[in-house]
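Okay, data25.txt now, which holds compact mmCIF, C-alpha atoms:
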# COMPACT_ATOMS: atom_id res chain seq x y z
CA MET D 159 0.00 0.00 0.00
CA ASN D 160 2.71 2.39 1.01
CA GLU D 161 4.52 2.53 -2.27
CA ARG D 162 1.22 3.37 -3.96
CA ARG D 163 0.34 6.31 -1.82
CA GLY D 164 3.94 7.36 -1.24
CA ILE D 165 5.57 10.01 -3.32
CA PRO D 166 7.65 8.68 -6.17
CA ALA D 167 11.21 9.97 -6.03
CA ALA D 168 11.14 10.97 -9.67
CA PRO D 169 7.84 10.66 -11.52
CA PRO D 170 8.46 7.67 -13.81
CA ALA D 171 6.05 8.94 -16.42
CA MET D 172 8.30 11.93 -16.90
CA ARG D 173 11.21 10.00 -18.33
CA GLU D 174 9.51 8.71 -21.47
CA LYS D 175 7.80 11.99 -22.20
CA PRO D 176 9.18 14.71 -24.48
CA ARG D 177 11.57 17.20 -22.96
CA VAL D 178 8.95 19.94 -22.59
CA TRP D 179 7.26 17.97 -19.80
CA TYR D 180 10.46 18.12 -17.83
CA TRP D 181 9.86 21.84 -17.43
CA LEU D 182 6.09 21.47 -17.07
CA PRO D 183 5.68 18.41 -14.84
CA HIS D 184 2.06 19.18 -13.88
CA PRO D 185 0.38 20.90 -16.84
CA TYR D 186 -3.12 20.88 -15.29
CA MET D 187 -1.79 22.31 -12.06
CA THR D 188 -0.12 25.10 -14.01
CA LEU D 189 -3.44 25.96 -15.64
CA VAL D 190 -5.25 25.84 -12.29
CA LEU D 191 -2.66 28.08 -10.64
CA VAL D 192 -2.89 30.68 -13.41
CA GLY D 193 -6.69 30.56 -13.20
CA VAL D 194 -6.72 30.90 -9.41
CA TRP D 195 -4.29 33.82 -9.54
CA LEU D 196 -6.41 35.66 -12.09
CA MET D 197 -9.59 34.98 -10.12
CA LEU D 198 -8.03 36.12 -6.85
CA ASN D 199 -7.10 39.41 -8.47
CA ASN D 200 -10.32 39.46 -10.49
CA THR D 201 -8.58 40.78 -13.59
CA LEU D 202 -7.32 39.82 -17.02
CA HIS D 203 -4.65 42.51 -17.07
CA PRO D 204 -1.51 41.30 -18.95
CA ARG D 205 0.64 42.08 -15.93
CA HIS D 206 -1.33 39.65 -13.79
CA VAL D 207 -1.39 37.05 -16.57
CA LEU D 208 2.40 37.26 -16.58
CA ILE D 209 2.72 36.95 -12.78
CA GLY D 210 0.27 34.04 -12.84
CA ALA D 211 2.21 32.33 -15.61
CA VAL D 212 5.47 32.69 -13.67
CA LEU D 213 3.84 31.26 -10.53
CA GLY D 214 2.18 28.46 -12.50
CA PHE D 215 5.50 27.59 -14.05
CA ALA D 216 7.66 27.83 -10.94
CA ILE D 217 5.48 26.22 -8.25
CA PRO D 218 5.00 22.80 -9.94
CA LEU D 219 8.64 22.77 -11.03
CA PHE D 220 10.00 23.32 -7.52
CA ALA D 221 7.34 21.27 -5.73
CA GLN D 222 7.23 18.28 -8.07
CA HIS D 223 9.12 15.98 -5.72
CA PHE D 224 6.52 16.53 -2.99
CA LEU D 225 3.55 15.99 -5.29
CA PRO D 226 1.94 12.74 -6.39
CA GLU D 227 2.11 11.88 -10.05
CA ALA D 228 0.07 14.15 -12.29
CA PRO D 229 -3.37 12.83 -13.30
CA ARG D 230 -3.81 11.71 -16.87
CA ILE D 231 -7.13 12.47 -18.50
CA ARG D 232 -7.79 10.23 -21.47
CA SER D 233 -11.01 11.65 -22.78
CA TRP D 234 -12.00 15.28 -22.41
CA ARG D 235 -15.17 14.55 -24.33
CA ALA D 236 -16.34 12.08 -21.72
CA ALA D 237 -15.52 14.65 -19.02
CA MET D 238 -17.55 17.33 -20.79
CA ARG D 239 -20.47 14.93 -21.13
CA PHE D 240 -20.25 13.86 -17.48
CA LEU D 241 -20.15 17.34 -15.92
CA PRO D 242 -23.71 18.52 -16.82
CA LEU D 243 -25.14 15.13 -15.89
CA PHE D 244 -23.44 15.32 -12.49
CA LEU D 245 -24.57 18.91 -11.84
CA TRP D 246 -28.14 18.03 -12.80
CA ASP D 247 -28.05 15.03 -10.44
CA VAL D 248 -26.81 17.27 -7.62
CA VAL D 249 -29.72 19.67 -8.09
CA VAL D 250 -32.34 16.90 -8.31
CA ALA D 251 -30.93 15.02 -5.32
CA ASN D 252 -30.88 18.26 -3.33
CA PHE D 253 -34.61 18.68 -3.79
CA VAL D 254 -35.29 15.01 -3.01
CA VAL D 255 -33.26 15.08 0.21
CA ALA D 256 -34.73 18.43 1.28
CA GLY D 257 -38.18 16.89 0.84
CA LEU D 258 -37.13 13.89 2.93
CA ILE D 259 -35.81 16.05 5.75
CA LEU D 260 -38.76 18.43 5.86
CA ASN D 261 -41.37 15.69 5.71
CA LEU D 262 -41.75 14.94 9.42
CA ARG D 263 -43.91 11.86 9.15
CA ARG D 264 -41.71 9.98 6.70
CA ARG D 265 -39.50 7.24 8.18
CA MET D 266 -36.12 7.06 6.49
CA ARG D 267 -34.53 3.82 5.46
CA PRO D 268 -30.80 4.45 5.86
CA SER D 269 -28.46 1.72 4.74
CA TRP D 270 -24.80 0.89 4.21
CA VAL D 271 -23.84 -0.36 0.80
CA ALA D 272 -20.48 -1.66 -0.38
CA VAL D 273 -19.70 -0.64 -3.94
CA PRO D 274 -17.17 -2.96 -5.60
CA LEU D 275 -14.79 -0.85 -7.63
CA ASP D 276 -13.52 -1.51 -11.14
CA LEU D 277 -11.40 1.64 -11.00
CA VAL D 278 -7.69 1.36 -10.30
CA ASP D 279 -6.32 4.85 -10.87
CA PRO D 280 -6.25 6.71 -7.52
CA TYR D 281 -7.45 9.93 -9.12
CA ALA D 282 -10.42 8.08 -10.64
CA ILE D 283 -11.31 6.61 -7.24
CA THR D 284 -11.00 10.05 -5.62
CA THR D 285 -13.27 11.53 -8.26
CA LEU D 286 -15.87 8.81 -7.77
CA ALA D 287 -15.80 9.21 -3.97
CA ASN D 288 -16.14 12.98 -4.29
CA VAL D 289 -19.01 12.68 -6.77
CA ILE D 290 -20.83 10.28 -4.44
CA SER D 291 -20.34 12.56 -1.43
CA LEU D 292 -21.35 15.72 -3.29
CA THR D 293 -24.61 14.17 -4.44
CA PRO D 294 -26.90 14.61 -1.43
CA GLY D 295 -28.25 11.40 0.01
CA THR D 296 -25.04 9.42 -0.34
CA VAL D 297 -21.74 9.81 1.52
CA SER D 298 -18.69 7.72 0.71
CA SER D 299 -17.29 6.64 4.04
CA ARG D 300 -14.37 4.28 3.65
CA LEU D 301 -12.18 2.56 1.13
CA ASP D 302 -11.72 -1.12 1.97
CA ASP D 303 -9.95 -4.27 0.83
CA GLY D 304 -6.92 -2.59 -0.63
CA ARG D 305 -8.96 -0.04 -2.58
CA ARG D 306 -11.40 -2.48 -4.10
CA THR D 307 -14.59 -1.62 -2.20
CA LEU D 308 -16.08 1.73 -1.37
CA LEU D 309 -18.34 1.84 1.66
CA VAL D 310 -21.23 4.24 1.05
CA HIS D 311 -23.92 5.41 3.45
CA VAL D 312 -27.28 5.98 1.78
CA LEU D 313 -29.84 8.18 3.52
CA ASP D 314 -32.96 6.58 2.12
CA THR D 315 -33.23 3.53 -0.06
CA ALA D 316 -35.70 0.72 -0.54
CA ASP D 317 -33.27 -1.53 -2.39
CA PRO D 318 -29.52 -1.27 -1.56
CA ALA D 319 -28.54 -3.50 -4.50
CA ALA D 320 -30.26 -1.15 -6.95
CA GLU D 321 -28.38 1.75 -5.37
CA VAL D 322 -25.05 -0.01 -6.04
CA ALA D 323 -26.08 -0.68 -9.64
CA ARG D 324 -27.09 2.97 -10.05
CA ILE D 325 -23.76 4.26 -8.75
CA LYS D 326 -21.82 1.85 -10.94
CA SER D 327 -23.66 2.58 -14.16
CA ARG D 328 -24.32 6.27 -13.66
CA TYR D 329 -21.06 7.46 -12.16
CA GLU D 330 -18.39 4.80 -12.30
CA ARG D 331 -18.61 4.03 -16.01
CA PRO D 332 -18.24 7.66 -17.21
CA ILE D 333 -15.39 8.26 -14.75
CA ARG D 334 -13.70 5.15 -16.06
CA GLU D 335 -14.02 6.51 -19.58
CA ILE D 336 -12.49 9.80 -18.48
CA PHE D 337 -9.46 8.35 -16.72
CA GLU D 338 -8.76 4.87 -17.98
CA CYS D 339 -10.03 3.64 -21.30
CA MET U 281 -37.90 42.52 -3.80
CA LEU U 282 -34.15 42.09 -3.50
CA ARG U 283 -34.39 43.47 0.04
CA ALA U 284 -37.04 40.91 0.92
CA ALA U 285 -35.00 38.06 -0.57
CA LEU U 286 -31.93 39.23 1.34
CA HIS U 287 -33.85 39.37 4.60
CA PHE U 288 -35.34 35.92 4.04
CA ALA U 289 -31.92 34.41 3.23
CA SER U 290 -30.30 36.08 6.24
CA ALA U 291 -33.03 34.84 8.55
CA ALA U 292 -32.79 31.31 7.10
CA VAL U 293 -29.01 31.19 7.50
CA ALA U 294 -29.20 32.59 11.04
CA LEU U 295 -31.77 29.96 11.95
CA ALA U 296 -29.54 27.31 10.37
CA MET U 297 -26.66 28.49 12.55
CA LEU U 298 -28.84 28.24 15.65
CA LEU U 299 -29.79 24.67 14.75
CA SER U 300 -26.13 23.79 14.21
CA LEU U 301 -25.37 25.36 17.58
CA TYR U 302 -28.04 23.15 19.14
CA ARG U 303 -26.30 20.08 17.69
CA LEU U 304 -22.92 21.39 18.87
CA VAL U 305 -24.15 21.74 22.45
CA ARG U 306 -26.25 18.59 22.46
CA GLY U 307 -23.69 16.22 20.99
CA PRO U 308 -23.93 13.38 21.88
CA SER U 309 -20.66 12.14 20.36
CA LEU U 310 -17.47 13.89 19.33
CA PRO U 311 -17.98 13.46 15.55
CA ASP U 312 -21.45 14.98 15.97
CA ARG U 313 -19.87 18.11 17.37
CA ILE U 314 -17.34 18.21 14.56
CA VAL U 315 -20.15 17.97 11.96
CA ALA U 316 -21.91 20.81 13.76
CA LEU U 317 -18.75 22.95 13.62
CA ASP U 318 -18.37 22.09 9.93
CA THR U 319 -21.92 23.21 9.18
CA LEU U 320 -21.42 26.29 11.32
CA TYR U 321 -18.44 27.51 9.32
CA ILE U 322 -20.19 26.84 6.02
CA ASN U 323 -23.16 28.88 7.23
CA THR U 324 -20.76 31.59 8.33
CA ILE U 325 -19.51 31.88 4.74
CA ALA U 326 -23.11 32.21 3.57
CA LEU U 327 -23.81 34.94 6.12
CA VAL U 328 -20.62 36.83 5.21
CA MET U 329 -21.67 36.78 1.55
CA LEU U 330 -25.12 38.12 2.48
CA VAL U 331 -23.58 40.92 4.55
CA GLY U 332 -21.37 41.72 1.55
CA ILE U 333 -24.43 42.12 -0.67
CA GLN U 334 -26.25 44.17 1.95
CA LEU U 335 -23.37 46.61 2.31
CA SER U 336 -22.41 46.45 -1.40
CA GLN U 337 -18.83 45.83 -0.38
CA ALA U 338 -16.59 43.58 -2.46
CA VAL U 339 -14.08 43.14 0.42
CA PHE U 340 -16.11 40.36 1.96
CA PHE U 341 -14.97 37.79 -0.62
CA GLU U 342 -11.58 37.61 1.00
CA VAL U 343 -13.25 37.08 4.37
CA GLY U 344 -15.34 34.24 2.93
CA LEU U 345 -12.33 32.63 1.29
CA LEU U 346 -10.31 32.77 4.50
CA VAL U 347 -13.18 31.36 6.57
CA ALA U 348 -13.55 28.52 4.04
CA MET U 349 -9.87 27.61 4.19
CA MET U 350 -9.51 27.89 7.96
CA GLY U 351 -12.72 25.96 8.51
CA PHE U 352 -11.62 23.12 6.25
CA VAL U 353 -8.22 22.89 7.92
CA GLY U 354 -9.91 22.90 11.33
CA THR U 355 -12.30 20.09 10.40
CA VAL U 356 -9.50 17.97 8.98
CA ALA U 357 -7.34 18.56 12.06
CA LEU U 358 -10.18 17.56 14.42
CA CYS U 359 -10.92 14.42 12.36
CA LYS U 360 -7.25 13.46 12.37
CA TYR U 361 -7.23 13.93 16.13
CA VAL U 362 -10.20 11.57 16.48
CA LEU U 363 -8.58 9.06 14.15
CA GLY U 364 -5.76 8.91 16.67
CA ARG U 365 -2.91 9.76 14.40
CA SER U 366 -0.60 12.69 14.44
CA ILE U 367 -2.34 15.72 12.98
CA ILE U 368 0.52 16.46 10.62
CA GLU U 369 1.83 13.32 8.96
CA MET J 23 -35.61 43.97 -13.18
CA ILE J 24 -35.11 40.48 -14.54
CA ALA J 25 -31.61 40.49 -13.04
CA GLU J 26 -33.10 41.35 -9.68
CA LEU J 27 -35.60 38.52 -10.00
CA VAL J 28 -32.88 35.97 -10.80
CA ILE J 29 -30.68 37.19 -7.95
CA SER J 30 -33.60 37.03 -5.51
CA ALA J 31 -34.41 33.49 -6.64
CA CYS J 32 -30.78 32.42 -6.10
CA LEU J 33 -30.70 33.96 -2.62
CA VAL J 34 -34.02 32.45 -1.54
CA LEU J 35 -33.04 29.03 -2.87
CA GLY J 36 -29.64 29.22 -1.17
CA GLY J 37 -31.12 30.26 2.15
CA PHE J 38 -33.73 27.53 1.95
CA PHE J 39 -31.20 24.76 1.33
CA ALA J 40 -28.81 26.02 4.01
CA LEU J 41 -31.74 25.91 6.44
CA ALA J 42 -32.86 22.45 5.25
CA GLY J 43 -29.33 21.10 5.76
CA SER J 44 -29.22 22.36 9.33
CA ILE J 45 -32.73 21.09 10.08
CA GLY J 46 -31.47 17.70 8.95
CA LEU J 47 -28.47 18.09 11.21
CA ALA J 48 -30.65 18.88 14.20
CA ARG J 49 -33.48 16.46 13.55
CA LEU J 50 -32.19 13.20 12.06
CA PRO J 51 -31.86 10.25 14.41
CA ASP J 52 -28.29 8.96 14.03
CA PHE J 53 -24.86 10.29 13.24
CA TYR J 54 -24.41 8.93 9.73
CA CYS J 55 -27.74 10.42 8.66
CA ARG J 56 -26.83 13.76 10.19
CA LEU J 57 -23.65 13.72 8.13
CA HIS J 58 -25.78 14.26 5.02
CA GLY J 59 -26.75 17.75 6.27
CA PRO J 60 -23.50 19.65 5.64
CA THR J 61 -22.94 18.19 2.16
CA LYS J 62 -26.33 19.55 1.17
CA ALA J 63 -25.88 22.91 2.86
CA THR J 64 -22.66 23.27 0.88
CA THR J 65 -23.73 22.25 -2.58
CA LEU J 66 -26.94 24.09 -3.32
CA GLY J 67 -27.18 26.26 -0.20
CA VAL J 68 -23.90 28.12 -0.27
CA GLY J 69 -23.67 27.52 -4.03
CA GLY J 70 -26.92 29.40 -4.59
CA LEU J 71 -25.92 32.24 -2.28
CA LEU J 72 -22.54 32.57 -3.97
CA LEU J 73 -24.18 32.57 -7.39
CA GLY J 74 -26.61 35.24 -6.22
CA SER J 75 -23.81 37.36 -4.82
CA MET J 76 -21.76 36.95 -8.00
CA LEU J 77 -24.70 37.98 -10.18
CA TYR J 78 -25.49 40.91 -7.89
CA PHE J 79 -22.01 42.40 -8.09
CA SER J 80 -21.62 41.60 -11.79
CA LEU J 81 -24.97 42.94 -12.96
CA LEU J 82 -25.91 45.69 -10.53
CA GLU J 83 -22.56 46.93 -9.29
CA GLU J 84 -19.04 47.54 -10.55
CA GLY J 85 -18.33 45.17 -13.45
CA VAL J 86 -17.74 41.42 -13.55
CA ILE J 87 -16.63 39.75 -10.33
CA VAL J 88 -15.74 36.07 -10.20
CA HIS J 89 -14.25 35.80 -6.69
CA GLU J 90 -17.17 33.78 -5.41
CA LEU J 91 -16.52 31.11 -7.98
CA LEU J 92 -13.22 30.49 -6.23
CA ILE J 93 -14.96 30.01 -2.86
CA ALA J 94 -17.55 27.74 -4.48
CA VAL J 95 -14.90 25.59 -6.14
CA PHE J 96 -12.93 25.38 -2.92
CA LEU J 97 -16.03 24.33 -0.96
CA PHE J 98 -16.97 21.77 -3.61
CA MET J 99 -13.53 20.25 -3.30
CA SER J 100 -13.26 20.38 0.49
CA ALA J 101 -16.79 19.31 1.49
CA PRO J 102 -16.54 15.66 0.34
CA VAL J 103 -13.07 15.34 1.86
CA SER J 104 -14.29 16.50 5.27
CA ALA J 105 -17.43 14.34 5.00
CA HIS J 106 -15.27 11.31 4.20
CA LEU J 107 -12.93 12.03 7.11
CA LEU J 108 -15.86 12.55 9.49
CA ALA J 109 -17.42 9.24 8.47
CA ARG J 110 -14.10 7.49 8.98
CA ALA J 111 -13.64 9.13 12.36
CA ALA J 112 -17.08 7.93 13.45
CA LEU J 113 -16.42 4.42 12.17
CA HIS J 114 -13.11 4.46 14.01
CA LEU J 115 -14.82 5.36 17.27
CA GLY J 116 -17.35 2.60 16.62
CA ILE J 117 -20.42 4.78 16.62
CA ASP J 118 -22.96 2.27 15.42
CA ALA J 119 -25.89 3.40 13.35
CA GLY J 120 -27.66 0.11 13.86
CA THR J 121 -28.72 -0.02 10.22
CA ALA J 122 -28.54 -2.81 7.70
CA GLY J 123 -25.02 -3.85 6.75
CA SER J 124 -23.40 -1.64 9.37
CA PRO J 125 -19.68 -2.32 9.46
CA ALA J 126 -18.20 -3.68 12.68
CA ALA J 127 -16.92 -1.13 15.14
CA GLY J 128 -13.29 -0.17 15.44
CA THR J 129 -12.17 -1.83 12.23
CA ASP J 130 -10.80 1.24 10.57
CA PRO J 131 -8.12 -0.20 8.33
CA PRO J 132 -4.68 1.37 7.98
CA ASP J 133 -4.55 4.53 6.03
CA HIS J 134 -5.35 4.34 2.40
CA GLU J 135 -6.57 7.74 1.66
CA PRO J 136 -6.80 8.76 -1.94
CA PRO J 137 -4.30 11.42 -2.93
CA PRO J 138 -5.55 14.99 -2.75
CA ALA J 139 -7.35 16.24 -5.82
CA GLY J 140 -5.85 18.96 -7.92
This entry written out as structure tokens:
Amino acid sequence: MNERRGIPAAPPAMREKPRVWYWLPHPYMTLVLVGVWLMLNNTLHPRHVLIGAVLGFAIPLFAQHFLPEAPRIRSWRAAMRFLPLFLWDVVVANFVVAGLILNLRRRMRPSWVAVPLDLVDPYAITTLANVISLTPGTVSSRLDDGRRTLLVHVLDTADPAAEVARIKSRYERPIREIFEC
Amino acid sequence: MLRAALHFASAAVALAMLLSLYRLVRGPSLPDRIVALDTLYINTIALVMLVGIQLSQAVFFEVGLLVAMMGFVGTVALCKYVLGRSIIE
Amino acid sequence: MIAELVISACLVLGGFFALAGSIGLARLPDFYCRLHGPTKATTLGVGGLLLGSMLYFSLLEEGVIVHELLIAVFLFMSAPVSAHLLARAALHLGIDAGTAGSPAAGTDPPDHEPPPAG
């Protein structure tokens, strides 16, 4: 387990890549840093774009040995298709759970379900766990069996098995497309 | 109408903070209190944003951002304490 | 006028969901159910208020402001992490919900946290 969550001394993926990735070890992080800098200053002034670019270039370069390996996104199209679906689910689930909470007479049927994972990539598992937790009504609670089962608490369900099937088909498959296949 | 919406939202968030406070005092277990604190800081961000609109002051974003970061670090530190490990690994 | 209507709707919706989350926190019977409160208060509650605030400053005041987006993104990233840690802390202490398939108390396995996002 430890070598998987530990920090690799030199990111192995870096060696086979072209030389430009040596200077940009975390391209997504660079983009995020530039974006955060511009949003913090709330401007698009060229001066701030320049400062942001310098920060986005320097921070990943100097911090790369403390950071886990950069995520690799295989399919941006799958990601773009997944995002609106996820946001819509969040809104719908919010209304459903608010109805459950405010309806005083209704008895809830909370349940624990274990979701067997097909995902291997740690970033994919993190994304799935975050998506499950952000959708109201389900909270991912623990990763078991050497990262092969995700323990999820469901606020109200009549059929736990159906809930597992829903999570696997609705969330896990798109995330797998984004990160792995 | 905007005034009315602002007043409703402020009242709702204030009531939400009172309910979180009830859970914080009542407990019964330690994680319950941590959840209450978590909700309390999230509601604080909401209230700060509402005050910002009411006063038409853009400075309150920084306040909200700082509360969000400090609150998250606090929740994680408390959870790590309960999990019985060192807080900083 | 329409801008004002949209902003008011965002604020009312945000306030309503923040309140609903806390009612859940105060009312629900066991810890793991109460844990669902904060995730909800964060997503649509604070999300709606932040959207309302962003629209207010962008449409009715001085030019476009996107600061709130930063807070919203930060909350969206941090809320599931803290919910996950809270659930693990409760499982570690052996707080039993007494529901179907409840995992045995005190069996928190050694650390295998996913790496931080970002």
With 9 Å as the threshold, what does the neighbourhood of (-35.0, 37.8, 0.2) contain in terms of residues, counting only C-alpha atoms? Coordinates are those of the file; answer as a short mmCIF file (atom, residue, chain, number, x, y, z; two decimals) with C-alpha atoms, in the frame of the given file.
data_model
loop_
_atom_site.label_atom_id
_atom_site.label_comp_id
_atom_site.auth_asym_id
_atom_site.auth_seq_id
_atom_site.Cartn_x
_atom_site.Cartn_y
_atom_site.Cartn_z
CA MET U 281 -37.90 42.52 -3.80
CA LEU U 282 -34.15 42.09 -3.50
CA ARG U 283 -34.39 43.47 0.04
CA ALA U 284 -37.04 40.91 0.92
CA ALA U 285 -35.00 38.06 -0.57
CA LEU U 286 -31.93 39.23 1.34
CA HIS U 287 -33.85 39.37 4.60
CA PHE U 288 -35.34 35.92 4.04
CA ALA U 289 -31.92 34.41 3.23
CA SER U 290 -30.30 36.08 6.24
CA SER J 30 -33.60 37.03 -5.51
CA ALA J 31 -34.41 33.49 -6.64
CA LEU J 33 -30.70 33.96 -2.62
CA VAL J 34 -34.02 32.45 -1.54
CA GLY J 37 -31.12 30.26 2.15
#
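Using all atoms listed in the file, the smallest distance between any of D:Arg239, D:His184, D:Arg328, D:His203 and chain J comes from D:His184.
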Per residue of chain D within 9 Å of chain J, what are the shortest atom pair and its distance in Å to one decimal, counting all atoms listed in the file, with rows by chain and residue number, as CSV?
residue,atom,partner,partner_atom,distance
D:Met159,CA,J:His134,CA,7.3
D:Asn160,CA,J:His134,CA,8.4
D:Arg163,CA,J:Pro137,CA,7.0
D:Tyr186,CA,J:Gly140,CA,8.1
D:Met187,CA,J:Gly140,CA,6.7
D:Val190,CA,J:Gly140,CA,8.2
D:Val194,CA,J:Leu92,CA,7.2
D:Met197,CA,J:His89,CA,5.8
D:Leu198,CA,J:His89,CA,6.2
D:Asn199,CA,J:His89,CA,8.2
D:Asn200,CA,J:Ile87,CA,6.3
D:Thr201,CA,J:Ile87,CA,8.7
D:Pro226,CA,J:Pro137,CA,7.3
D:Ala228,CA,J:Gly140,CA,8.8
D:Pro229,CA,J:Gly140,CA,8.5
D:Val248,CA,J:Thr65,CA,7.7
D:Val249,CA,J:Leu66,CA,7.1
D:Asn252,CA,J:Lys62,CA,6.5
D:Phe253,CA,J:Phe39,CA,8.6
D:Val255,CA,J:Lys62,CA,8.3
D:Ala256,CA,J:Ala42,CA,6.0
D:Gly257,CA,J:Ala42,CA,8.9
D:Ile259,CA,J:Gly46,CA,5.6
D:Leu260,CA,J:Ala42,CA,7.2
D:Arg267,CA,J:Thr121,CA,8.4
D:Pro268,CA,J:Thr121,CA,6.6
D:Ser269,CA,J:Ala122,CA,5.4
D:Trp270,CA,J:Gly123,CA,5.4
D:Val271,CA,J:Gly123,CA,7.0
D:Ala272,CA,J:Gly123,CA,8.7
D:Pro280,CA,J:Pro136,CA,6.0
D:Tyr281,CA,J:Pro137,CA,7.1
D:Ile283,CA,J:Pro136,CA,7.3
D:Thr284,CA,J:Pro136,CA,5.7
D:Thr285,CA,J:Ala139,CA,7.9
D:Ala287,CA,J:Pro102,CA,7.8
D:Asn288,CA,J:Pro102,CA,5.4
D:Val289,CA,J:Pro102,CA,8.1
D:Ile290,CA,J:Pro102,CA,8.4
D:Ser291,CA,J:Pro102,CA,5.2
D:Leu292,CA,J:Pro102,CA,6.0
D:Thr293,CA,J:Thr61,CA,7.9
D:Pro294,CA,J:Lys62,CA,5.6
D:Gly295,CA,J:His58,CA,6.3
D:Thr296,CA,J:His58,CA,7.3
D:Val297,CA,J:His58,CA,7.0
D:Ser298,CA,J:His106,CA,6.1
D:Ser299,CA,J:His106,CA,5.1
D:Arg300,CA,J:Arg110,CA,6.2
D:Leu301,CA,J:His134,CA,7.2
D:Asp302,CA,J:Pro131,CA,7.4
D:Asp303,CA,J:Pro131,CA,8.7
D:Gly304,CA,J:His134,CA,7.7
D:Arg305,CA,J:His134,CA,7.6
D:Leu309,CA,J:Pro125,CA,8.9
D:His311,CA,J:Tyr54,CA,7.2
D:Val312,CA,J:Cys55,CA,8.2
D:Leu313,CA,J:Cys55,CA,6.0
Q) Between CA of Val339 (chain U) and CA of Phe79 (chain J), what is the distance, to one decimal in Å? A)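 Value for the CA of Val339 (chain U)-CA of Phe79 (chain J) distance: 11.7 Å.
Taking only C-alpha atoms into account, the polymer residues that have an atom no farther than 8 Å from (-28.7, 21.0, 16.2) are Leu298, Leu299, Ser300, Leu301, Tyr302, Arg303, Leu304, Val305, Arg306 and Ala316 of chain U; Ser44, Ile45, Leu47, Ala48 and Arg49 of chain J.
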For chain U, report every residue with an atom at most 10 Å from chain D (counting only C-alpha atoms), formatted as a PDB file with C-alpha atoms, in the coordinates of the input.
ATOM      1  CA  PHE U 341     -14.970  37.790  -0.620  1.00  0.00           C
ATOM      2  CA  GLU U 342     -11.580  37.610   1.000  1.00  0.00           C
ATOM      3  CA  LEU U 345     -12.330  32.630   1.290  1.00  0.00           C
TER       4      LEU U 345
END
(Q) Please report the interatomic distance between CA of Gly364 (chain U) and CA of Ile314 (chain U) in Å with one decimal. (A)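 Rounded to one decimal, the two atoms are 15.0 Å apart.
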Filled-in N, CA and C atoms of region 329-341 of chain U, supplied as a PDB file, keeping the file's coordinate frame:
ATOM      1  N   MET U 329     -21.304  36.382   2.916  1.00  0.00           N
ATOM      2  CA  MET U 329     -21.670  36.780   1.550  1.00  0.00           C
ATOM      3  C   MET U 329     -22.902  37.690   1.574  1.00  0.00           C
ATOM      4  N   LEU U 330     -23.893  37.321   2.412  1.00  0.00           N
ATOM      5  CA  LEU U 330     -25.120  38.120   2.480  1.00  0.00           C
ATOM      6  C   LEU U 330     -24.833  39.520   3.011  1.00  0.00           C
ATOM      7  N   VAL U 331     -23.958  39.601   4.027  1.00  0.00           N
ATOM      8  CA  VAL U 331     -23.580  40.920   4.550  1.00  0.00           C
ATOM      9  C   VAL U 331     -22.890  41.722   3.456  1.00  0.00           C
ATOM     10  N   GLY U 332     -22.052  41.042   2.656  1.00  0.00           N
ATOM     11  CA  GLY U 332     -21.370  41.720   1.550  1.00  0.00           C
ATOM     12  C   GLY U 332     -22.358  42.320   0.567  1.00  0.00           C
ATOM     13  N   ILE U 333     -23.432  41.571   0.256  1.00  0.00           N
ATOM     14  CA  ILE U 333     -24.430  42.120  -0.670  1.00  0.00           C
ATOM     15  C   ILE U 333     -25.148  43.302  -0.018  1.00  0.00           C
ATOM     16  N   GLN U 334     -25.475  43.126   1.265  1.00  0.00           N
ATOM     17  CA  GLN U 334     -26.250  44.170   1.950  1.00  0.00           C
ATOM     18  C   GLN U 334     -25.479  45.487   2.001  1.00  0.00           C
ATOM     19  N   LEU U 335     -24.161  45.399   2.217  1.00  0.00           N
ATOM     20  CA  LEU U 335     -23.370  46.610   2.310  1.00  0.00           C
ATOM     21  C   LEU U 335     -22.757  47.003   0.971  1.00  0.00           C
ATOM     22  N   SER U 336     -23.005  46.197  -0.077  1.00  0.00           N
ATOM     23  CA  SER U 336     -22.410  46.450  -1.400  1.00  0.00           C
ATOM     24  C   SER U 336     -20.903  46.614  -1.323  1.00  0.00           C
ATOM     25  N   GLN U 337     -20.281  45.756  -0.554  1.00  0.00           N
ATOM     26  CA  GLN U 337     -18.830  45.830  -0.380  1.00  0.00           C
ATOM     27  C   GLN U 337     -18.198  44.563  -0.955  1.00  0.00           C
ATOM     28  N   ALA U 338     -17.224  44.739  -1.855  1.00  0.00           N
ATOM     29  CA  ALA U 338     -16.590  43.580  -2.460  1.00  0.00           C
ATOM     30  C   ALA U 338     -15.505  42.967  -1.573  1.00  0.00           C
ATOM     31  N   VAL U 339     -15.170  43.633  -0.435  1.00  0.00           N
ATOM     32  CA  VAL U 339     -14.080  43.140   0.420  1.00  0.00           C
ATOM     33  C   VAL U 339     -14.416  41.814   1.073  1.00  0.00           C
ATOM     34  N   PHE U 340     -15.718  41.514   1.163  1.00  0.00           N
ATOM     35  CA  PHE U 340     -16.110  40.360   1.960  1.00  0.00           C
ATOM     36  C   PHE U 340     -15.759  39.019   1.306  1.00  0.00           C
ATOM     37  N   PHE U 341     -15.377  39.054   0.010  1.00  0.00           N
ATOM     38  CA  PHE U 341     -14.970  37.790  -0.620  1.00  0.00           C
ATOM     39  C   PHE U 341     -13.764  37.212   0.073  1.00  0.00           C
TER      40      PHE U 341
END
